[in-house]
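Written out below as structure tokens is the structure these notes cover.
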Amino acid sequence: MKYRLLNFARQLALMLLVIWTVVSLVTLLIEIVPGDPATVILGETATQEQIENFRAKHGLDQPAFFFTYESEGGFTWNGADNRYADYWLGLLQGDLGTSFQTDRPVRDMIFARYPATIKLAIAAMLVAIGIALPLGVLAGSRKNSIIDNFASFFALLGISLPTFVIGPFLVHIFAVRLGWFSPTGSYYPEDIVLPAVTLGAALSAILTRMVRSSVIEELGEDYVRTARAKGVSERMVLYKHVLKNGLIPVVTILGLQLGVLLAGAIITEKIFNWQGLGLLLLEDGIGKRDYRLVQGCVLVISVTFIIANSLTDFVYRKLDPRIRLS
Amino acid sequence: MSRLAYIGLAIAALFILAAIFAPWVATHDLAAQDLAMRYVPPSAEHWFGTDGLGRDVFSRVVYGARISLEVGITVVLVSSVFGTMIGAIAGFYGGIIDKFLSGYVFNVFLAFPGLLLAIALVAFLGAGQGKLIAALCVIGWVSYARVIRGQVLKVREYDYVLAARALGAGNMRILFTHIMPNAIQPLIVQASLGMAGAVLSEASLSFLGLGIPPPAPSWGTMVEEARQFFSSSPHVLFFPGAAIALTVLAFNFIGDGLREYLDPKQRTR
């Protein structure tokens, strides 16, 4: 018990350390913008006064970090009044800063759009599981059959076809030709189908492979032989024994892939004009050079990913007693 | 090696040859616009048809192979060399150095999901081929470092390493002449899969408008430009899209084949 608590504390500490580093890196990213952000955003025609007002409003007139380094003067200590400390102080109060373009709090802009992305990611995950589970189990339990070869081919295709090629094809077939869905937008509930399939395609391919090899591996275990020897039907062996153990690695992959889905959603949202966080990052953030908004989006997505990963790790340990003990 | 790996090698060779000999393979001038010949379907004159500016799609796909492979090869080379160095240091020295590198630094770089870090870097640095390559290297090196670290950890325990140490060999000599030659095999697999990943990432970033700016014929940019007119002129999107998928597929085939070949345990499956 004591050992487990210690282990848990160590995991938590590592997670917090990683989050701190990631947030710090994202905070300092604005420093690599070539030139002065204020001039870049306000344009060449801005007056000196406008530029100075902008800098003062967004804290750009302050030093970037606790110290600065110059080749002549060496290190200079700037004290606690710097942008890095300010950003952190804000963050701890749940404030992600003010948008450079709209003057709205970045937090509000992000949380207005985040649910749409989460919805899309979950829908994509469901699509992927819905395809991969039956296909992977069938392929794994009938190794080297036609369905196995089909599953392998499908998996390779799914991994290799980029989202932005699958998307337009789906739109063409199901929206333009068949007219089942609208080609873009997120007004009606069924509008999620095409984006979810597009985003979930690659994941379904990865999962199919995982489920297949997991089923093959478990079918070779001793407990399967015992169950068969006892006269348990093949169907029961497969669904009650093999799947239960075989799904453990699949759960891990699902957790790890959540981040890939969140990042992949950026492309999918662009294709379908899906009003989520990705489109916000792309159009309002990067497109309008709203660096504060970009920072906020990158930060929120990364931190979600880190927390999801840590949770997966935790669940994985709970699920598999072998790992819990080692 | 499996049949699929040979198919992958053949496809990859085809694209590499097309990239090297692009000026001779291409049938038209890359940038020649002909507004009277917009969205012409594939024909004897234009094998893959023409795009929205009347440019020959076949020639642009051929030159696009140059961009994709240039980016892919540079990213794989730089990130594998850097990743190998870091991974070897972590695995060989172990202890606190390993704890810091593999426990902390690797985790930080793995904490950014997929393309997000590359997107963020390009967003702040600006678009362009050099910056794109830099961004992909920043996200790419960790996977090599992890593979090499694991290998070095394993190989350094072998008896012949102990023997070399007993004979008085120094750290550097042991690492470079004894451990590394036996540890870098999986790197080939990783490099092949990394090549597929880099080609796909370049296309994705270019599709998002964050990669190589037009008029350069990046496959991702071509797909993006053709997207709006897919229903009326599918060929403009189909050919660059197929080029991306085939290249990625080819390097995945090669990587999978090599992995099976190098790991006899998997071969029987």
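Chain labels follow the order of the structure tokens: the first chain is A, the next B, and so on; residue numbering restarts at 1 in every chain, and ligands are counted from 1 in their shown order.
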Distance query B:Ala164 at most 12 Å, only C-alpha atoms, self and fewer than 5 positions along chain excluded, as a list in words: Arg156, Glu157, Tyr158, Asp159, Ala169, Gly170, Asn171, Met172, Arg173, Ile174, Leu175, Thr177, His178 and Ile179 of chain B
Hey, list the chain A side of the contact with chain B: 7 Å cut-off, only C-alpha atoms, answer as a PDB file with C-alpha atoms, in the first residue's frame.
```pdb
ATOM      1  CA  VAL A  18       5.854  17.754 -17.663  1.00  0.00           C
ATOM      2  CA  THR A  21       7.649  22.404 -18.857  1.00  0.00           C
ATOM      3  CA  VAL A  22       5.095  22.245 -21.642  1.00  0.00           C
ATOM      4  CA  LEU A  29       7.160  30.324 -28.005  1.00  0.00           C
ATOM      5  CA  ILE A  30       5.968  33.872 -28.623  1.00  0.00           C
ATOM      6  CA  ILE A  32      10.602  33.190 -31.451  1.00  0.00           C
ATOM      7  CA  VAL A  33       8.242  35.257 -33.601  1.00  0.00           C
ATOM      8  CA  PRO A  34      10.528  36.999 -36.082  1.00  0.00           C
ATOM      9  CA  SER A 160      -1.602   5.522 -45.400  1.00  0.00           C
ATOM     10  CA  LEU A 161      -4.543   7.560 -46.685  1.00  0.00           C
ATOM     11  CA  PRO A 162      -4.281  11.088 -45.303  1.00  0.00           C
ATOM     12  CA  VAL A 165      -7.754  12.869 -49.037  1.00  0.00           C
ATOM     13  CA  PRO A 168     -13.128  15.175 -49.858  1.00  0.00           C
ATOM     14  CA  HIS A 172     -18.164  13.766 -52.842  1.00  0.00           C
ATOM     15  CA  GLY A 259      -4.078  13.282 -28.483  1.00  0.00           C
ATOM     16  CA  VAL A 260      -3.572  12.250 -32.084  1.00  0.00           C
ATOM     17  CA  ALA A 263      -4.409  17.211 -33.249  1.00  0.00           C
ATOM     18  CA  ILE A 267      -7.287  19.016 -40.366  1.00  0.00           C
ATOM     19  CA  ILE A 286      -2.638  31.458 -36.869  1.00  0.00           C
ATOM     20  CA  VAL A 298      -1.828  24.703 -27.973  1.00  0.00           C
ATOM     21  CA  SER A 302      -1.461  19.553 -24.839  1.00  0.00           C
ATOM     22  CA  PHE A 305      -3.434  15.057 -23.853  1.00  0.00           C
ATOM     23  CA  ILE A 306      -1.050  14.785 -20.902  1.00  0.00           C
TER      24      ILE A 306
END
```
Could you give me, as a list in words, the residues within 10 Å of stretch 175-180 of chain A, counting only C-alpha atoms and dropping anything in the same chain fewer than 3 positions from it? Pro168, Phe169, Leu170, Val171, His172, Pro183, Thr184, Glu190, Asp191 and Leu194 of chain A; Ser231 of chain B
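Among the candidates B:Gly95, B:Gly83, B:Pro213, B:Gly8, the one nearest to B:Leu132 when counting only C-alpha atoms is B:Pro213.
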Using only C-alpha atoms, which residues sit within 10 Å of B:Leu17 once same-chain residues fewer than 5 positions away are excluded, as a list in words? Ile11, Ala12, Ala22, Val25, Val62, Ala65 and Arg66 of chain B
Please save C-alpha atoms of the selected residues as a tab-separated table (two decimals), in the first residue's frame.
```tsv
chain	number	residue	atom	x	y	z
B	11	ILE	CA	7.05	2.09	-55.38
B	12	ALA	CA	9.62	4.05	-53.35
B	22	ALA	CA	12.03	15.32	-62.58
B	25	VAL	CA	10.19	13.02	-66.59
B	62	VAL	CA	6.54	14.64	-60.41
B	65	ALA	CA	8.02	14.09	-55.27
B	66	ARG	CA	11.19	16.18	-54.99
```
According to DSSP computed on the backbone, where in stretch 155-207 of chain B is there alpha helix (DSSP H)? Give the residues as an NGL selection string. :B and (155 or 159-166 or 171-173 or 180-183 or 185-207)
What's around stretch 221-228 of chain A at 9 Å? Count only C-alpha atoms, leave out sequence neighbours fewer than 2 positions away in its own chain, and write the answer as a list in words.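 Those residues are Glu217, Glu218, Leu219, Lys230, Gly231, Val232, Ser233, Glu234, Val237, Leu238, His241 and Val242 of chain A.
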For the residues selected in the previous step, produce a file with N, CA and C atoms as a PDB file, in the first residue's frame.
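Written out: part_29.pdb:
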```pdb
ATOM      1  N   GLU A 217      -2.472 -13.440 -30.062  1.00  0.00           N
ATOM      2  CA  GLU A 217      -1.583 -13.730 -28.944  1.00  0.00           C
ATOM      3  C   GLU A 217      -2.325 -14.449 -27.813  1.00  0.00           C
ATOM      4  N   GLU A 218      -3.506 -13.916 -27.455  1.00  0.00           N
ATOM      5  CA  GLU A 218      -4.258 -14.502 -26.348  1.00  0.00           C
ATOM      6  C   GLU A 218      -4.744 -15.911 -26.682  1.00  0.00           C
ATOM      7  N   LEU A 219      -5.082 -16.143 -27.963  1.00  0.00           N
ATOM      8  CA  LEU A 219      -5.573 -17.482 -28.347  1.00  0.00           C
ATOM      9  C   LEU A 219      -4.508 -18.554 -28.123  1.00  0.00           C
ATOM     10  N   LYS A 230     -12.036 -27.912 -21.256  1.00  0.00           N
ATOM     11  CA  LYS A 230     -13.219 -28.092 -20.411  1.00  0.00           C
ATOM     12  C   LYS A 230     -14.489 -28.183 -21.241  1.00  0.00           C
ATOM     13  N   GLY A 231     -14.364 -27.917 -22.526  1.00  0.00           N
ATOM     14  CA  GLY A 231     -15.520 -28.019 -23.399  1.00  0.00           C
ATOM     15  C   GLY A 231     -16.260 -26.710 -23.606  1.00  0.00           C
ATOM     16  N   VAL A 232     -15.635 -25.588 -23.238  1.00  0.00           N
ATOM     17  CA  VAL A 232     -16.259 -24.291 -23.476  1.00  0.00           C
ATOM     18  C   VAL A 232     -16.322 -24.036 -24.984  1.00  0.00           C
ATOM     19  N   SER A 233     -17.461 -23.527 -25.441  1.00  0.00           N
ATOM     20  CA  SER A 233     -17.615 -23.335 -26.888  1.00  0.00           C
ATOM     21  C   SER A 233     -16.637 -22.263 -27.385  1.00  0.00           C
ATOM     22  N   GLU A 234     -16.296 -22.365 -28.654  1.00  0.00           N
ATOM     23  CA  GLU A 234     -15.309 -21.464 -29.250  1.00  0.00           C
ATOM     24  C   GLU A 234     -15.765 -19.998 -29.132  1.00  0.00           C
ATOM     25  N   VAL A 237     -15.158 -18.901 -25.610  1.00  0.00           N
ATOM     26  CA  VAL A 237     -13.716 -18.706 -25.410  1.00  0.00           C
ATOM     27  C   VAL A 237     -13.322 -17.336 -25.932  1.00  0.00           C
ATOM     28  N   LEU A 238     -13.819 -17.043 -27.126  1.00  0.00           N
ATOM     29  CA  LEU A 238     -13.438 -15.810 -27.798  1.00  0.00           C
ATOM     30  C   LEU A 238     -13.973 -14.587 -27.047  1.00  0.00           C
ATOM     31  N   HIS A 241     -13.253 -15.027 -22.670  1.00  0.00           N
ATOM     32  CA  HIS A 241     -11.886 -15.117 -22.153  1.00  0.00           C
ATOM     33  C   HIS A 241     -10.911 -14.245 -22.932  1.00  0.00           C
ATOM     34  N   VAL A 242     -10.887 -14.459 -24.232  1.00  0.00           N
ATOM     35  CA  VAL A 242      -9.863 -13.802 -25.043  1.00  0.00           C
ATOM     36  C   VAL A 242     -10.070 -12.291 -25.100  1.00  0.00           C
TER      37      VAL A 242
END
```
Excluding A:Gly185 and its own-chain neighbours fewer than 4 positions away, which residues fall within 9 Å of it when counting only C-alpha atoms? Please give them as a tab-separated table (two decimals) with N, CA and C atoms, in the first residue's frame.
```
chain	number	residue	atom	x	y	z
A	191	ASP	N	-24.67	15.96	-39.02
A	191	ASP	CA	-23.50	16.54	-39.67
A	191	ASP	C	-22.19	16.00	-39.11
A	192	ILE	N	-22.27	15.34	-37.98
A	192	ILE	CA	-21.03	14.85	-37.35
A	192	ILE	C	-20.54	13.57	-38.03
A	272	PHE	N	-14.25	20.16	-43.07
A	272	PHE	CA	-15.70	20.19	-42.94
A	272	PHE	C	-16.21	21.51	-42.35
A	273	ASN	N	-15.32	22.47	-42.18
A	273	ASN	CA	-15.69	23.73	-41.58
A	273	ASN	C	-16.40	23.49	-40.24
A	274	TRP	N	-15.87	22.56	-39.48
A	274	TRP	CA	-16.44	22.18	-38.19
A	274	TRP	C	-15.96	23.18	-37.16
A	275	GLN	N	-16.91	23.84	-36.48
A	275	GLN	CA	-16.55	24.99	-35.63
A	275	GLN	C	-15.96	24.54	-34.29
```
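For A:Phe65, the residues within 8 Å (counting only C-alpha atoms, excluding itself and residues fewer than 2 positions away along the chain) are Pro63, Phe67, Thr68, Asn78, Asn82, Arg83, Tyr84 and Ala85 of chain A.
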Please, what distance in Å, to one decimal, runs between atom CA of B:Gln190 and atom CA of B:Gly72?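 Separation of atom CA of B:Gln190 and atom CA of B:Gly72: 13.0 Å.
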Length of the atom CA of A:Asn149 to atom CA of A:Thr198 vector [Å]: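 Atom-to-atom, atom CA of A:Asn149 and atom CA of A:Thr198 are spaced 22.7 Å apart.
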